[in-house]
Amino acid sequence: MTLKGDKELQKQLLALSPKIQKKLYRSSMRKAMKPVLSAAKNNVPVFSGALKGSLKIRSAKRKRGRIRIEVRTTDGFFKGDEFYGGFMELGTSKLPARPFLRPALQEKESIVIATLISEIRKLLPS
C-alpha cells in the first residue's frame, strides 16, 4: 500500500531528519496495521490455533528505500513452525487457497489509511 496525499503533511515530514521520519512512520504504521492483524486472526483457519497465535505485526526489510510493516507469522511465511501459513493463504496444487491476510487488508484498508494519517499528524512536532 502506498500513501499519497496532503502536500502540507508531506512538507512537514520532509522537514524532519531521516531518522525521525523513520521512527514516526514505523510507529504510525504499526498502530495503523492493528485492525488488519485483528481481522486476519478472525479470518485464519484454525486447527490447533498455532497459526493464529503466530500472527504478528513486524518490520520488514526495506525495499527501494521504503519502510515496510507486515502482518505475518512470527518467522515469516514458509518458515519456522507455522510455515504452512503461506500455503493456507496462497494454496497449493493439492490444497485450495484459504486467504486470510489479503481479505483482512482489503476489508480494513480505509481504516488503515485514516489511522496512519491521524497518527502521523499526532506525532509531528507542532
# chains A, B, ... in the order shown; residues from 1 in each chain; ligands from 1
$ residues_around --residues "segment 39-55 of chain A" --least-positions-apart "4" --cutoff "6 Å" --atoms "only C-alpha atoms" --output "short mmCIF file (atom, residue, chain, number, x, y, z; two decimals) with N, CA and C atoms, in the first residue's frame"
data_model
loop_
_atom_site.label_atom_id
_atom_site.label_comp_id
_atom_site.auth_asym_id
_atom_site.auth_seq_id
_atom_site.Cartn_x
_atom_site.Cartn_y
_atom_site.Cartn_z
N ARG A 72 2.38 -10.95 9.60
CA ARG A 72 2.91 -12.24 9.15
C ARG A 72 3.07 -13.17 10.34
N THR A 73 3.48 -14.41 10.07
CA THR A 73 3.75 -15.33 11.17
C THR A 73 5.06 -14.90 11.84
N THR A 74 5.31 -15.38 13.00
CA THR A 74 6.49 -15.00 13.77
C THR A 74 7.77 -15.09 12.95
N GLU A 82 5.23 -22.49 11.79
CA GLU A 82 3.98 -22.13 11.11
C GLU A 82 4.22 -21.87 9.62
N PHE A 100 -6.51 -15.35 4.29
CA PHE A 100 -6.95 -14.67 5.50
C PHE A 100 -6.30 -13.31 5.63
N LEU A 101 -5.13 -13.11 5.03
CA LEU A 101 -4.45 -11.81 5.12
C LEU A 101 -4.95 -10.81 4.08
N ALA A 104 -8.29 -9.46 4.89
CA ALA A 104 -8.21 -8.58 6.07
C ALA A 104 -7.72 -7.20 5.68
#
$ residues_around --residues "segment 108-112 of chain A" --least-positions-apart "5" --cutoff "7 Å" --atoms "only C-alpha atoms" --output "ChimeraX atom specification"
/A:32-33,35-36
$ closest_atom_pairs --of "segment 48-90 of chain A" --to "segment 10-27 of chain A" --cutoff "8 Å" --atoms "only C-alpha atoms" --output "Markdown table"
| residue | atom | partner | partner_atom | distance |
| --- | --- | --- | --- | --- |
| A:Ser59 | CA | A:Arg26 | CA | 7.9 |
| A:Ile67 | CA | A:Arg26 | CA | 7.3 |
| A:Arg68 | CA | A:Arg26 | CA | 8.0 |
| A:Ile69 | CA | A:Arg26 | CA | 7.3 |
$ write_last_selection --atoms "N, CA and C atoms" --output "tab-separated table (two decimals), in the first residue's frame"
chain	number	residue	atom	x	y	z
A	59	SER	N	8.31	-5.41	11.35
A	59	SER	CA	9.00	-4.58	10.36
A	59	SER	C	9.61	-5.52	9.33
A	67	ILE	N	9.97	2.09	3.86
A	67	ILE	CA	9.76	1.42	5.14
A	67	ILE	C	8.56	0.51	4.99
A	68	ARG	N	8.69	-0.73	5.49
A	68	ARG	CA	7.61	-1.69	5.33
A	68	ARG	C	7.25	-2.31	6.68
A	69	ILE	N	5.96	-2.46	6.90
A	69	ILE	CA	5.42	-3.14	8.07
A	69	ILE	C	4.50	-4.23	7.54
$ atom_distance --atom1 "atom CA of Pro99 of chain A" --atom2 "atom CA of Lys79 of chain A"
17.6 Å
$ atom_distance --atom1 "atom CA of Gln106 of chain A" --atom2 "atom CA of Leu123 of chain A"
26.0 Å
$ atom_distance --atom1 "atom CA of Leu124 of chain A" --atom2 "atom CA of Met29 of chain A"
14.0 Å
$ select_by_dssp --residues "segment 56-115 of chain A" --states "helix (DSSP H, G or I)" --output "PyMOL selection string"
chain A and resi 85-90+101-115
$ select_by_dssp --residues "chain A" --states "strand (DSSP E)" --output "PyMOL selection string"
chain A and resi 55-63+66-73
$ write_last_selection --atoms "N, CA and C atoms" --output "PDB file, in the first residue's frame"
ATOM      1  N   LEU A  55       0.544 -14.965  14.354  1.00  0.00           N
ATOM      2  CA  LEU A  55       0.392 -13.745  13.559  1.00  0.00           C
ATOM      3  C   LEU A  55       0.815 -12.529  14.373  1.00  0.00           C
ATOM      4  N   LYS A  56       1.680 -11.727  13.793  1.00  0.00           N
ATOM      5  CA  LYS A  56       2.249 -10.552  14.466  1.00  0.00           C
ATOM      6  C   LYS A  56       2.424  -9.424  13.456  1.00  0.00           C
ATOM      7  N   ILE A  57       2.603  -8.215  13.974  1.00  0.00           N
ATOM      8  CA  ILE A  57       2.980  -7.070  13.154  1.00  0.00           C
ATOM      9  C   ILE A  57       4.490  -6.957  13.258  1.00  0.00           C
ATOM     10  N   ARG A  58       5.158  -6.995  12.118  1.00  0.00           N
ATOM     11  CA  ARG A  58       6.622  -6.959  12.093  1.00  0.00           C
ATOM     12  C   ARG A  58       7.133  -5.953  11.076  1.00  0.00           C
ATOM     13  N   SER A  59       8.306  -5.409  11.349  1.00  0.00           N
ATOM     14  CA  SER A  59       9.003  -4.580  10.365  1.00  0.00           C
ATOM     15  C   SER A  59       9.611  -5.518   9.332  1.00  0.00           C
ATOM     16  N   ALA A  60       9.586  -5.104   8.094  1.00  0.00           N
ATOM     17  CA  ALA A  60      10.164  -5.911   7.019  1.00  0.00           C
ATOM     18  C   ALA A  60      11.388  -5.193   6.476  1.00  0.00           C
ATOM     19  N   LYS A  61      12.200  -5.922   5.734  1.00  0.00           N
ATOM     20  CA  LYS A  61      13.382  -5.316   5.123  1.00  0.00           C
ATOM     21  C   LYS A  61      12.956  -4.209   4.179  1.00  0.00           C
ATOM     22  N   ARG A  62      13.755  -3.166   4.156  1.00  0.00           N
ATOM     23  CA  ARG A  62      13.469  -2.049   3.252  1.00  0.00           C
ATOM     24  C   ARG A  62      13.690  -2.489   1.814  1.00  0.00           C
ATOM     25  N   LYS A  63      12.810  -2.019   0.957  1.00  0.00           N
ATOM     26  CA  LYS A  63      12.966  -2.246  -0.485  1.00  0.00           C
ATOM     27  C   LYS A  63      12.877  -0.892  -1.152  1.00  0.00           C
ATOM     28  N   ARG A  66      11.958   2.128   0.952  1.00  0.00           N
ATOM     29  CA  ARG A  66      10.634   2.235   1.560  1.00  0.00           C
ATOM     30  C   ARG A  66      10.580   1.467   2.866  1.00  0.00           C
ATOM     31  N   ILE A  67       9.965   2.085   3.855  1.00  0.00           N
ATOM     32  CA  ILE A  67       9.762   1.423   5.145  1.00  0.00           C
ATOM     33  C   ILE A  67       8.561   0.507   4.992  1.00  0.00           C
ATOM     34  N   ARG A  68       8.693  -0.725   5.487  1.00  0.00           N
ATOM     35  CA  ARG A  68       7.612  -1.695   5.335  1.00  0.00           C
ATOM     36  C   ARG A  68       7.249  -2.311   6.675  1.00  0.00           C
ATOM     37  N   ILE A  69       5.959  -2.461   6.896  1.00  0.00           N
ATOM     38  CA  ILE A  69       5.423  -3.144   8.070  1.00  0.00           C
ATOM     39  C   ILE A  69       4.500  -4.235   7.540  1.00  0.00           C
ATOM     40  N   GLU A  70       4.597  -5.433   8.118  1.00  0.00           N
ATOM     41  CA  GLU A  70       3.809  -6.567   7.629  1.00  0.00           C
ATOM     42  C   GLU A  70       3.053  -7.226   8.772  1.00  0.00           C
ATOM     43  N   VAL A  71       1.942  -7.847   8.422  1.00  0.00           N
ATOM     44  CA  VAL A  71       1.297  -8.809   9.305  1.00  0.00           C
ATOM     45  C   VAL A  71       1.731 -10.151   8.759  1.00  0.00           C
ATOM     46  N   ARG A  72       2.385 -10.945   9.604  1.00  0.00           N
ATOM     47  CA  ARG A  72       2.912 -12.238   9.149  1.00  0.00           C
ATOM     48  C   ARG A  72       3.067 -13.165  10.341  1.00  0.00           C
ATOM     49  N   THR A  73       3.475 -14.405  10.074  1.00  0.00           N
ATOM     50  CA  THR A  73       3.750 -15.326  11.172  1.00  0.00           C
ATOM     51  C   THR A  73       5.062 -14.902  11.837  1.00  0.00           C
TER      52      THR A  73
END
$ residues_around --residues "segment 84-89 of chain A" --least-positions-apart "5" --cutoff "6 Å" --atoms "only C-alpha atoms" --output "PyMOL selection string"
chain A and resi 77-78+97-99
